[in-house]
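> mmCIF, C-alpha atoms and all ligand atoms, saved as target-v6.cif, coming up:
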```cif
data_protein
#
loop_
_atom_site.label_atom_id
_atom_site.label_comp_id
_atom_site.auth_asym_id
_atom_site.auth_seq_id
_atom_site.Cartn_x
_atom_site.Cartn_y
_atom_site.Cartn_z
CA MET A 27 -28.51 -6.69 -12.29
CA LEU A 28 -26.87 -4.91 -9.43
CA ARG A 29 -23.36 -6.11 -10.30
CA ASP A 30 -23.83 -5.30 -13.97
CA GLU A 31 -24.91 -1.81 -13.02
CA LEU A 32 -21.83 -1.33 -10.83
CA LYS A 33 -19.59 -2.91 -13.45
CA SER A 34 -20.72 -0.57 -16.18
CA LEU A 35 -20.24 2.44 -13.90
CA LEU A 36 -16.79 1.32 -12.73
CA ASP A 37 -15.78 0.52 -16.28
CA ALA A 38 -16.88 3.88 -17.54
CA ASP A 39 -13.32 5.18 -17.34
CA ASP A 40 -13.91 7.93 -19.85
CA SER A 41 -17.43 8.64 -18.76
CA ASP A 42 -18.03 12.05 -17.31
CA SER A 43 -21.48 11.19 -16.04
CA ALA A 44 -22.05 12.35 -12.48
CA GLU A 45 -23.12 8.80 -11.49
CA ALA A 46 -19.86 7.27 -12.75
CA ARG A 47 -17.79 9.90 -10.94
CA VAL A 48 -19.67 9.41 -7.68
CA VAL A 49 -19.24 5.63 -7.93
CA ARG A 50 -15.50 5.99 -8.52
CA VAL A 51 -15.12 8.22 -5.46
CA LEU A 52 -17.05 5.73 -3.29
CA SER A 53 -15.01 2.83 -4.64
CA GLU A 54 -11.73 4.57 -3.83
CA ARG A 55 -12.67 6.07 -0.50
CA GLY A 56 -15.30 3.82 1.02
CA ALA A 57 -18.07 5.59 2.86
CA VAL A 58 -18.15 9.33 2.30
CA SER A 59 -20.47 12.23 2.93
CA ALA A 60 -22.07 14.29 0.19
CA ASN A 61 -19.68 17.10 1.14
CA GLU A 62 -16.66 14.90 0.56
CA ILE A 63 -18.07 13.79 -2.80
CA ALA A 64 -18.49 17.43 -3.75
CA ARG A 65 -14.86 18.18 -2.80
CA ALA A 66 -13.53 15.13 -4.66
CA THR A 67 -15.51 15.57 -7.88
CA GLY A 68 -15.96 19.31 -8.04
CA LEU A 69 -19.59 18.68 -9.03
CA ALA A 70 -22.38 20.98 -7.91
CA ARG A 71 -24.34 19.87 -4.84
CA SER A 72 -27.59 19.66 -6.80
CA THR A 73 -25.95 17.39 -9.42
CA ILE A 74 -24.60 15.17 -6.66
CA SER A 75 -27.98 14.94 -4.92
CA GLN A 76 -29.58 13.88 -8.18
CA ALA A 77 -26.86 11.28 -8.89
CA LEU A 78 -27.11 9.90 -5.34
CA ALA A 79 -30.88 9.58 -5.66
CA GLU A 80 -30.56 7.68 -8.94
CA LEU A 81 -27.83 5.40 -7.62
CA ARG A 82 -29.87 4.66 -4.50
CA GLY A 83 -32.88 3.88 -6.64
CA ALA A 84 -30.78 1.39 -8.61
CA ARG A 85 -29.46 0.00 -5.28
CA VAL A 86 -25.87 0.55 -6.43
CA ILE A 87 -25.26 2.63 -3.31
CA VAL A 88 -26.66 2.53 0.19
CA GLU A 89 -27.06 5.11 2.88
CA THR A 90 -25.51 3.66 5.98
CA PRO A 91 -25.37 4.32 9.70
CA ALA A 92 -21.89 5.58 10.54
CA ALA A 93 -21.04 2.70 12.89
CA GLU A 94 -21.46 0.13 10.10
CA ILE A 95 -18.88 1.73 7.89
CA GLY A 96 -15.27 0.74 7.37
CA ARG A 97 -14.96 -1.35 10.49
CA GLY A 98 -11.43 -2.65 10.69
CA VAL A 99 -9.94 0.10 8.60
CA GLY A 100 -10.84 3.09 10.71
CA ARG A 101 -12.86 5.06 8.20
CA PRO A 102 -14.62 7.88 10.06
CA ALA A 103 -18.36 8.43 10.10
CA ALA A 104 -20.01 9.01 6.74
CA SER A 105 -23.22 8.47 4.93
CA PHE A 106 -22.94 6.91 1.46
CA ALA A 107 -21.17 3.75 0.35
CA LEU A 108 -21.33 1.29 -2.50
CA ASN A 109 -23.83 -1.46 -1.79
CA PRO A 110 -21.75 -4.21 -0.09
CA ARG A 111 -23.74 -6.78 -2.08
CA ALA A 112 -22.37 -5.36 -5.30
CA GLY A 113 -19.07 -7.14 -4.92
CA THR A 114 -16.13 -8.41 -2.91
CA CYS A 115 -12.46 -7.52 -3.38
CA ILE A 116 -9.66 -9.85 -2.36
CA GLY A 117 -6.23 -8.73 -1.21
CA LEU A 118 -3.35 -11.18 -1.20
CA HIS A 119 0.12 -10.43 0.14
CA LEU A 120 2.98 -12.75 -0.79
CA SER A 121 5.54 -12.39 1.97
CA LEU A 122 8.76 -14.17 2.89
CA ASP A 123 7.31 -17.39 4.30
CA ASP A 124 3.54 -17.09 4.16
CA ILE A 125 0.68 -15.65 2.17
CA ARG A 126 -1.90 -13.35 3.77
CA LEU A 127 -5.43 -12.96 2.54
CA VAL A 128 -8.11 -10.41 3.22
CA ALA A 129 -11.55 -9.88 1.75
CA ALA A 130 -13.45 -6.61 1.82
CA ASP A 131 -16.69 -5.63 0.19
CA VAL A 132 -16.95 -2.61 -2.08
CA SER A 133 -18.13 -0.49 0.86
CA HIS A 134 -14.62 -1.14 2.34
CA SER A 135 -15.76 -3.36 5.22
CA VAL A 136 -13.32 -6.17 5.99
CA ILE A 137 -15.01 -9.58 5.82
CA PHE A 138 -12.18 -11.96 6.69
CA GLU A 139 -8.41 -12.12 7.16
CA LYS A 140 -6.28 -15.21 6.98
CA THR A 141 -2.60 -16.23 7.02
CA VAL A 142 -1.38 -19.40 5.29
CA PRO A 143 2.17 -20.48 6.30
CA LEU A 144 4.24 -21.86 3.41
CA GLY A 145 7.86 -21.92 4.63
CA ARG A 146 10.90 -20.14 3.18
CA ASP A 147 11.47 -20.02 -0.59
CA TYR A 148 8.06 -21.40 -1.44
CA ALA A 149 7.43 -22.15 -5.10
CA PRO A 150 4.91 -20.12 -7.13
CA ALA A 151 2.80 -23.22 -7.83
CA ALA A 152 2.48 -23.89 -4.08
CA ALA A 153 1.35 -20.31 -3.41
CA VAL A 154 -1.18 -20.38 -6.22
CA GLU A 155 -2.65 -23.66 -5.01
CA ALA A 156 -2.74 -22.47 -1.38
CA ALA A 157 -4.38 -19.19 -2.39
CA ARG A 158 -6.99 -20.93 -4.52
CA HIS A 159 -7.85 -23.44 -1.86
CA SER A 160 -7.87 -21.02 1.12
CA LEU A 161 -9.78 -18.30 -0.68
CA ARG A 162 -12.53 -20.59 -1.85
CA ALA A 163 -12.84 -22.13 1.62
CA ALA A 164 -12.83 -18.75 3.38
CA CYS A 165 -15.40 -17.33 0.97
CA ARG A 166 -17.66 -20.35 1.44
CA GLU A 167 -17.38 -19.97 5.22
CA ALA A 168 -18.17 -16.25 5.04
CA GLY A 169 -21.11 -16.85 2.69
CA ILE A 170 -19.50 -15.03 -0.26
CA ALA A 171 -20.28 -16.40 -3.72
CA TRP A 172 -17.08 -16.65 -5.76
CA ALA A 173 -18.99 -15.10 -8.67
CA GLY A 174 -19.35 -11.94 -6.56
CA VAL A 175 -15.56 -11.43 -6.29
CA ILE A 176 -14.69 -8.56 -8.63
CA GLY A 177 -10.91 -8.87 -8.53
CA VAL A 178 -7.81 -9.94 -6.63
CA GLY A 179 -5.08 -7.46 -5.68
CA LEU A 180 -1.62 -8.94 -5.19
CA SER A 181 1.07 -7.29 -3.14
CA PHE A 182 4.60 -8.59 -3.61
CA SER A 183 7.87 -7.91 -1.76
CA GLY A 184 9.86 -6.64 -4.72
CA PRO A 185 9.46 -4.67 -7.94
CA VAL A 186 6.63 -5.84 -10.20
CA ALA A 187 6.70 -4.82 -13.88
CA PRO A 188 3.54 -3.30 -15.36
CA ASP A 189 2.77 -6.61 -17.11
CA GLY A 190 2.79 -8.40 -13.73
CA ARG A 191 6.28 -9.92 -13.94
CA VAL A 192 8.34 -10.14 -10.74
CA GLN A 193 11.76 -8.55 -11.24
CA ARG A 194 14.99 -10.18 -10.10
CA ALA A 195 15.51 -7.86 -7.12
CA SER A 196 12.84 -9.42 -4.91
CA ILE A 197 13.37 -10.90 -1.47
CA ILE A 198 11.93 -14.24 -2.63
CA PRO A 199 14.43 -15.58 -5.20
CA THR A 200 12.15 -18.42 -6.35
CA TRP A 201 9.79 -15.81 -7.86
CA ALA A 202 12.25 -13.98 -10.12
CA GLY A 203 10.81 -13.73 -13.64
CA VAL A 204 7.42 -15.17 -12.66
CA ASN A 205 4.44 -13.34 -14.12
CA LEU A 206 1.98 -12.95 -11.22
CA ARG A 207 -0.93 -12.41 -13.50
CA GLU A 208 -0.20 -15.44 -15.66
CA VAL A 209 0.13 -17.80 -12.71
CA PHE A 210 -2.76 -16.53 -10.58
CA GLU A 211 -5.36 -15.63 -13.17
CA PRO A 212 -6.10 -19.14 -14.52
CA ALA A 213 -6.28 -20.57 -10.99
CA LEU A 214 -8.44 -17.85 -9.44
CA GLU A 215 -10.39 -16.99 -12.61
CA LYS A 216 -10.49 -13.33 -11.59
CA PRO A 217 -8.79 -10.16 -12.83
CA ILE A 218 -5.45 -9.81 -11.08
CA PHE A 219 -4.03 -6.42 -10.08
CA ALA A 220 -0.43 -6.64 -8.90
CA ASP A 221 2.03 -4.18 -7.45
CA ASN A 222 4.94 -4.16 -5.08
CA GLU A 223 4.53 -3.99 -1.34
CA SER A 224 5.60 -0.36 -0.89
CA ASN A 225 3.29 0.86 -3.63
CA CYS A 226 0.44 -1.07 -1.99
CA SER A 227 1.36 0.54 1.34
CA ALA A 228 1.10 3.97 -0.25
CA ILE A 229 -2.29 3.08 -1.69
CA ALA A 230 -3.50 1.93 1.74
CA GLU A 231 -2.28 5.20 3.28
CA MET A 232 -4.13 7.28 0.71
CA THR A 233 -7.27 5.17 0.91
CA TRP A 234 -7.57 4.88 4.70
CA GLY A 235 -4.46 6.26 6.34
CA ALA A 236 -2.29 9.28 6.98
CA ALA A 237 -2.45 10.41 3.34
CA ALA A 238 -6.26 10.30 2.97
CA GLY A 239 -7.22 13.22 0.77
CA VAL A 240 -3.55 13.98 -0.13
CA GLU A 241 -2.76 13.76 -3.85
CA ASP A 242 1.04 14.11 -3.69
CA PHE A 243 3.30 12.43 -1.15
CA VAL A 244 6.23 10.11 -0.65
CA LEU A 245 6.27 6.94 1.43
CA PHE A 246 9.66 5.93 2.86
CA LYS A 247 10.03 2.55 4.55
CA ILE A 248 12.80 1.67 6.96
CA ASP A 249 12.92 -1.99 7.97
CA ILE A 250 15.45 -4.74 7.21
CA GLY A 251 15.34 -3.17 3.76
CA VAL A 252 14.60 0.34 2.57
CA GLY A 253 11.74 0.95 0.14
CA GLY A 254 9.23 3.52 -0.81
CA ALA A 255 6.67 4.90 -3.18
CA ILE A 256 5.99 8.17 -4.95
CA VAL A 257 2.40 9.33 -5.32
CA SER A 258 1.70 12.16 -7.72
CA GLY A 259 -1.76 13.45 -8.57
CA GLY A 260 -3.29 10.53 -6.66
CA ARG A 261 -1.41 7.90 -8.70
CA VAL A 262 1.57 5.78 -7.70
CA LEU A 263 4.52 6.33 -10.04
CA SER A 264 5.62 2.74 -10.61
CA GLY A 265 7.95 3.53 -13.50
CA VAL A 266 8.45 1.82 -16.85
CA ALA A 267 9.65 -1.49 -15.30
CA GLY A 268 8.03 -1.22 -11.88
CA ALA A 269 11.13 0.09 -10.09
CA GLY A 270 9.89 3.61 -9.35
CA GLY A 271 10.35 4.60 -5.72
CA GLU A 272 13.02 1.97 -5.02
CA PHE A 273 14.81 4.45 -2.77
CA GLY A 274 16.87 1.75 -1.06
CA HIS A 275 18.92 1.19 -4.18
CA MET A 276 20.21 4.70 -4.77
CA THR A 277 24.01 4.40 -4.91
CA LEU A 278 25.57 6.38 -2.07
CA ASP A 279 29.07 4.92 -2.38
CA PRO A 280 30.15 3.21 -5.63
CA HIS A 281 33.03 1.57 -3.74
CA GLY A 282 30.83 0.44 -0.86
CA ASP A 283 29.77 -3.07 0.10
CA LEU A 284 27.89 -5.30 -2.30
CA CYS A 285 24.10 -4.99 -2.09
CA ARG A 286 21.64 -7.86 -2.60
CA CYS A 287 20.65 -6.13 -5.85
CA GLY A 288 24.14 -6.66 -7.31
CA ASN A 289 25.28 -3.03 -7.11
CA ARG A 290 27.59 -1.51 -4.50
CA GLY A 291 27.01 1.01 -1.75
CA CYS A 292 23.20 1.26 -1.96
CA LEU A 293 21.35 3.40 0.59
CA GLU A 294 19.70 0.25 1.95
CA LEU A 295 23.04 -1.07 3.24
CA THR A 296 23.39 1.80 5.71
CA ALA A 297 19.87 3.20 6.13
CA SER A 298 18.07 -0.07 6.84
CA LEU A 299 17.89 -1.44 10.38
CA ASN A 300 20.49 -4.12 9.59
CA PRO A 301 23.67 -2.26 10.68
CA ALA A 302 21.98 -1.13 13.93
CA ILE A 303 20.72 -4.65 14.65
CA ALA A 304 24.19 -6.09 14.02
CA ALA A 305 25.79 -3.53 16.36
CA ALA A 306 23.12 -4.12 19.01
CA SER A 307 23.67 -7.87 18.79
CA ARG A 308 27.45 -7.49 19.11
CA PHE A 309 26.94 -5.24 22.14
CA ALA A 310 24.42 -7.58 23.78
CA GLY A 311 26.50 -10.69 23.02
CA ARG A 312 23.41 -12.39 21.58
CA GLU A 313 21.09 -12.02 18.64
CA VAL A 314 18.79 -9.01 19.01
CA GLY A 315 15.69 -9.11 16.81
CA VAL A 316 14.16 -6.14 14.96
CA ASP A 317 11.10 -5.96 17.21
CA GLU A 318 13.15 -6.02 20.42
CA PHE A 319 15.57 -3.43 19.05
CA VAL A 320 12.84 -1.01 18.01
CA GLU A 321 10.93 -1.46 21.25
CA ARG A 322 13.96 -0.82 23.45
CA ALA A 323 15.00 2.21 21.39
CA ALA A 324 11.45 3.59 21.72
CA GLN A 325 11.50 2.98 25.48
CA GLY A 326 14.67 5.00 25.87
CA ASP A 327 17.53 2.48 26.03
CA ALA A 328 20.41 4.94 25.47
CA GLY A 329 22.60 2.67 23.34
CA PHE A 330 19.82 1.36 21.13
CA ARG A 331 18.44 4.87 20.74
CA ARG A 332 21.85 6.07 19.58
CA LEU A 333 22.04 3.26 17.01
CA LEU A 334 18.56 4.13 15.74
CA ALA A 335 19.54 7.81 15.50
CA ASP A 336 22.57 6.78 13.40
CA THR A 337 20.22 4.92 11.07
CA ALA A 338 17.94 7.97 10.94
CA GLU A 339 20.91 10.21 10.09
CA VAL A 340 21.77 8.14 6.98
CA ALA A 341 18.10 7.70 6.04
CA GLY A 342 17.59 11.48 6.34
CA ARG A 343 20.44 12.00 3.87
CA GLY A 344 18.67 9.66 1.44
CA LEU A 345 15.41 11.51 2.03
CA GLY A 346 17.26 14.75 1.31
CA MET A 347 18.05 13.44 -2.19
CA ILE A 348 14.39 12.58 -2.70
CA GLY A 349 13.55 16.06 -1.45
CA ALA A 350 15.94 17.60 -3.99
CA ILE A 351 14.12 15.79 -6.80
CA LEU A 352 10.49 16.00 -5.66
CA ASN A 353 10.24 18.55 -2.84
CA PRO A 354 7.21 16.64 -1.48
CA GLY A 355 4.80 18.26 0.96
CA LEU A 356 4.26 15.05 2.91
CA ILE A 357 6.66 12.21 3.65
CA LEU A 358 5.20 9.22 5.48
CA ILE A 359 7.59 6.92 7.30
CA GLY A 360 6.73 3.21 7.33
CA GLY A 361 8.42 -0.07 8.16
CA ARG A 362 9.14 -1.43 11.62
CA ALA A 363 11.59 1.40 12.43
CA ALA A 364 8.55 3.71 12.38
CA LEU A 365 7.20 1.88 15.46
CA ALA A 366 9.90 3.71 17.45
CA GLY A 367 7.96 6.94 16.85
CA GLU A 368 9.75 10.09 18.00
CA ALA A 369 12.99 8.20 18.70
CA LEU A 370 13.26 7.74 14.93
CA LEU A 371 11.39 10.81 13.74
CA ALA A 372 13.35 13.50 15.61
CA PRO A 373 16.83 12.56 14.28
CA LEU A 374 15.35 11.79 10.84
CA ILE A 375 13.75 15.22 10.55
CA ALA A 376 16.96 16.87 11.80
CA SER A 377 19.00 15.02 9.19
CA TYR A 378 16.54 15.83 6.40
CA GLU A 379 16.66 19.46 7.42
CA ARG A 380 20.48 19.43 7.27
CA HIS A 381 20.46 17.95 3.76
CA THR A 382 17.58 19.82 2.19
CA LEU A 383 17.72 22.94 0.04
CA ILE A 384 14.92 25.00 1.58
CA LYS A 385 15.14 25.16 5.37
CA ARG A 386 12.06 25.19 7.56
CA GLU A 387 12.35 28.79 8.69
CA GLU A 388 12.64 29.97 5.08
CA ALA A 389 9.24 28.62 4.09
CA PRO A 390 5.78 29.66 5.27
CA PRO A 391 4.02 26.86 7.21
CA ALA A 392 1.94 25.73 4.22
CA GLN A 393 5.13 25.16 2.19
CA ARG A 394 7.01 23.15 4.81
CA VAL A 395 7.44 19.44 4.33
CA ARG A 396 5.63 17.33 6.92
CA ILE A 397 7.49 14.17 7.89
CA GLU A 398 5.16 11.84 9.81
CA ILE A 399 4.74 8.23 10.84
CA ALA A 400 2.41 6.30 8.53
CA LYS A 401 -0.93 5.13 9.93
CA TYR A 402 -0.20 1.50 9.09
CA PRO A 403 3.59 1.25 9.35
CA THR A 404 3.69 -2.54 9.20
CA ASN A 405 0.40 -4.02 8.08
CA HIS A 406 -0.61 -1.96 5.11
CA ALA A 407 0.52 -3.99 2.13
CA LEU A 408 -2.44 -6.31 2.60
CA LEU A 409 -4.92 -3.45 2.89
CA GLY A 410 -3.24 -1.86 -0.09
CA ALA A 411 -3.75 -5.03 -2.11
CA VAL A 412 -7.50 -4.71 -1.52
CA ALA A 413 -7.36 -1.05 -2.40
CA LEU A 414 -5.62 -1.99 -5.68
CA VAL A 415 -8.89 -3.56 -6.70
CA LEU A 416 -11.02 -0.77 -5.24
CA ARG A 417 -9.00 1.86 -7.04
CA ARG A 418 -8.43 -0.27 -10.09
CA HIS A 419 -4.91 0.97 -9.86
CA GLY A 420 -2.11 -1.31 -11.04
CA ARG A 421 -4.16 -2.37 -14.02
CA LEU A 422 -1.92 -4.68 -16.00
CA SER A 423 -0.76 -3.74 -19.46
CA ALA A 424 -3.46 -5.63 -21.31
CA PRO A 425 -6.30 -4.45 -19.09
CA VAL A 426 -8.67 -7.03 -17.75
CA GLY A 427 -11.94 -5.30 -17.08
CA VAL A 428 -14.26 -5.91 -14.18
CA ALA A 429 -16.60 -7.12 -16.91
CA GLU A 430 -14.76 -10.43 -17.18
CA ALA A 431 -15.24 -11.07 -13.49
CA LEU A 432 -18.95 -10.71 -13.64
CA PRO A 433 -20.83 -13.36 -15.57
ZN ZN A 501 20.94 -2.29 -3.95
#
```
Translate this file's structure into structure tokens.
Ligand SMILES: [Zn+2]

Amino acid sequence: MLRDELKSLLDADDSDSAEARVVRVLSERGAVSANEIARATGLARSTISQALAELRGARVIVETPAAEIGRGVGRPAASFALNPRAGTCIGLHLSLDDIRLVAADVSHSVIFEKTVPLGRDYAPAAAVEAARHSLRAACREAGIAWAGVIGVGLSFSGPVAPDGRVQRASIIPTWAGVNLREVFEPALEKPIFADNESNCSAIAEMTWGAAAGVEDFVLFKIDIGVGGAIVSGGRVLSGVAGAGGEFGHMTLDPHGDLCRCGNRGCLELTASLNPAIAAASRFAGREVGVDEFVERAAQGDAGFRRLLADTAEVAGRGLGMIGAILNPGLILIGGRAALAGEALLAPLIASYERHTLIKREEAPPAQRVRIEIAKYPTNHALLGAVALVLRRHGRLSAPVGVAEALP
């Protein structure tokens, strides 16, 4: 039926058929116009028209009024999307003390969002049970048949190996060595796509955010840690063990302080918000939280702004190293520091400029790096987890096809 049709088209990885290519574009981008499909596939307009007509006839795609499309994720007006009835994708973010869930249909419309508090250092079994229970309940409430769920994307705060195993250097120690796929798949009975938080953020940015339509960019996150992701040719470079883009753990000073990763002098120790928060708290004579710090710096508090500029100076040096390796055209800044906007961006760009090889005035405008605030600086890992399923990115080493999700 409808789902089988979609399944065979989504699974047709090697298929060059115009229908399969159109379906993949719609799955990755949500609702798009025929023009956008032409740009993305390079197919002739007449071929696209024919494919669209066939897909509409098979009810795999729908033509939709602009207002219906992508609500909740800000997708602009467009005219074709996958038929929402063809399937639901679940995103699940495992954070420090809770799990967050979101469901979206294949046309990219968000159906529900939910947070389940679990407390610090929660055990994997507790998270799996909570996810199973909450997801089934939320789906029932929203009128979604579990059989219609085509996959679950998992976003995790730490490196995830290609086989789904959580590496030691995560912020949740109880998860070290746990294979996300092995623990979630039997309980949820769905294909599991897992990746780390920053990679998911990058996927959200390229699906709905500031990197939409950009094939090559770098995401750099400044929060209580420093993280990032490298996207090349539209794919996240996760690396052989899932540690690609872990910018926070570049060694700046081999004799520096000990990092949580076990090495010394990592970029994260000086370029995260932690040193600024500690200095702000000492100055204020009380504990200053990240949100208060960022807000006051953004509003122009001279001392806090100076501390944030110091952070930006070190972070810009780190970005300079990334620039020396990749020379990216677009660098998106995420994490809570990004909420300070210009107060962060101006000193960060100045520092990058000081530490980069090719200076702005030497390059024509089209060859200058753009350093911008991400569209979803703080809430994108969850959206990215959904997009993992939509893009079928983060496929685990022994691929589990959509076929297994659809009886
Ligand atoms: Zn480190």
> Quick one: residues within 12 Å of ligand ZN 501 (chain A), with all atoms listed in the file, as a VMD selection string?
chain A and resid 184 194 to 197 251 to 253 269 272 to 280 282 to 298
> Show me, as a list in words, the residues that have an atom within 6 Å of stretch 185-188 of chain A when counting all atoms listed in the file, minus same-chain residues fewer than 3 positions from it.
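Once the nearby chain positions are removed, what remains is Arg191, Val192, Gln193, Asp221, Asn222, Ala267, Gly268, Ala269, Leu422 and Ser423 of chain A.
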> Which one of A:Ala302, A:Glu80, A:Ile250, A:Gly342 sits closest to A:Ala323 if you count only C-alpha atoms?
A:Ala302
> So how far away is atom CA of A:Ala112 from atom CA of A:Gly68, in Å?
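Those two atoms sit 25.6 Å apart.
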> Within 9 Å of stretch 138-153 of chain A, counting only C-alpha atoms, which residues show up once you throw out same-chain ones fewer than 6 positions away? Write them as a list in words, please.
Leu120, Leu122, Asp123, Asp124, Ile125, Arg126, Leu127, Val128, Ala129, Ala130, Ser160, Leu161, Ala164, Cys165, Ala168, Ile198, Pro199, Thr200, Trp201, Val204, Leu206 and Val209 of chain A
> Which residues are close to stretch 402-410 of chain A, i.e. within 7 Å by all atoms listed in the file, leaving aside same-chain residues fewer than 6 positions away? Reply as a list in words.
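Everything that qualifies: Gly117, Leu118, His119, Ser181, Glu223, Ser224, Cys226, Ser227, Ile229, Ala230, Gly235, Gly360, Gly361, Arg362 and Ala364 of chain A.
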> Env of stretch 375-383 of chain A: 7 Å cut, atoms = only C-alpha atoms, seq-sep filter 5 positions within chain, self excluded. Answer as number ranges by chain.
A: 339, 342-343, 345-346, 349-350, 397
> Looking at only C-alpha atoms, which of A:Ile248, A:Ala64, A:Val314, A:Ile116 is the one that sits closest to A:Leu214?
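Once distances to A:Leu214 are computed over only C-alpha atoms, the minimum belongs to A:Ile116.
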> Give the answer as one residue: which of A:Val51, A:Ala411, A:Ile359, A:Val340 has the shortest atom-to-atom distance to A:Ala237, using all atoms listed in the file?
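Smallest distance to A:Ala237 is found for A:Ile359.
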> So, with only C-alpha atoms as the atoms that count, which of A:Leu358, A:Gly254, A:Arg312, A:Ala306 lies closest to A:Leu334?
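Going through A:Leu358, A:Gly254, A:Arg312, A:Ala306 one by one, the smallest distance to A:Leu334 is for A:Ala306.
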> Residues within 10 Å of A:Leu81, please, as a list in words. Count all atoms listed in the file; anything in the same chain fewer than 5 positions from it doesn't count.
Glu31, Leu32, Glu45, Ala46, Val48, Val49, Ser75, Gln76, Val86, Ile87, Val88, Leu108 and Asn109 of chain A
> Which one of A:Ala107, A:Ile357, A:Ile351, A:Leu365 sits closest to A:Glu318 if you count only C-alpha atoms?
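Among the listed residues, the smallest separation from A:Glu318 belongs to A:Leu365.
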> Please report the interatomic distance between atom CA of A:Gly56 and atom CA of A:Asp131 in Å with one decimal.
9.6 Å
> Would you mind putting back N, CA, C and O atoms on stretch 355-366 of chain A, then writing it out as a compact mmCIF listing (two decimals), in the coordinates of the input?

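Dumped to part22.txt:
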```
# COMPACT_ATOMS: atom_id res chain seq x y z
N GLY A 355 5.39 17.57 -0.18
CA GLY A 355 4.80 18.26 0.96
C GLY A 355 4.58 17.34 2.13
O GLY A 355 4.48 17.77 3.28
N LEU A 356 4.50 16.03 1.85
CA LEU A 356 4.26 15.05 2.91
C LEU A 356 5.15 13.83 2.67
O LEU A 356 5.17 13.28 1.57
N ILE A 357 5.88 13.45 3.71
CA ILE A 357 6.66 12.21 3.65
C ILE A 357 6.18 11.33 4.79
O ILE A 357 6.23 11.72 5.96
N LEU A 358 5.66 10.15 4.45
CA LEU A 358 5.20 9.22 5.48
C LEU A 358 6.26 8.16 5.70
O LEU A 358 6.80 7.60 4.74
N ILE A 359 6.56 7.90 6.97
CA ILE A 359 7.59 6.92 7.30
C ILE A 359 6.91 5.60 7.71
O ILE A 359 6.08 5.58 8.61
N GLY A 360 7.28 4.53 7.02
CA GLY A 360 6.73 3.21 7.33
C GLY A 360 7.83 2.23 7.67
O GLY A 360 8.99 2.60 7.82
N GLY A 361 7.47 0.97 7.76
CA GLY A 361 8.42 -0.07 8.16
C GLY A 361 8.50 -0.16 9.67
O GLY A 361 8.02 0.73 10.38
N ARG A 362 9.13 -1.24 10.17
CA ARG A 362 9.14 -1.43 11.62
C ARG A 362 9.90 -0.35 12.38
O ARG A 362 9.62 -0.08 13.54
N ALA A 363 10.87 0.31 11.74
CA ALA A 363 11.59 1.40 12.43
C ALA A 363 10.62 2.49 12.86
O ALA A 363 10.82 3.14 13.89
N ALA A 364 9.53 2.66 12.09
CA ALA A 364 8.55 3.71 12.38
C ALA A 364 7.85 3.46 13.72
O ALA A 364 7.31 4.39 14.32
N LEU A 365 7.85 2.19 14.18
CA LEU A 365 7.20 1.88 15.46
C LEU A 365 7.93 2.55 16.63
O LEU A 365 7.40 2.65 17.72
N ALA A 366 9.16 3.01 16.40
CA ALA A 366 9.90 3.71 17.45
C ALA A 366 9.41 5.14 17.61
O ALA A 366 9.81 5.84 18.55
```
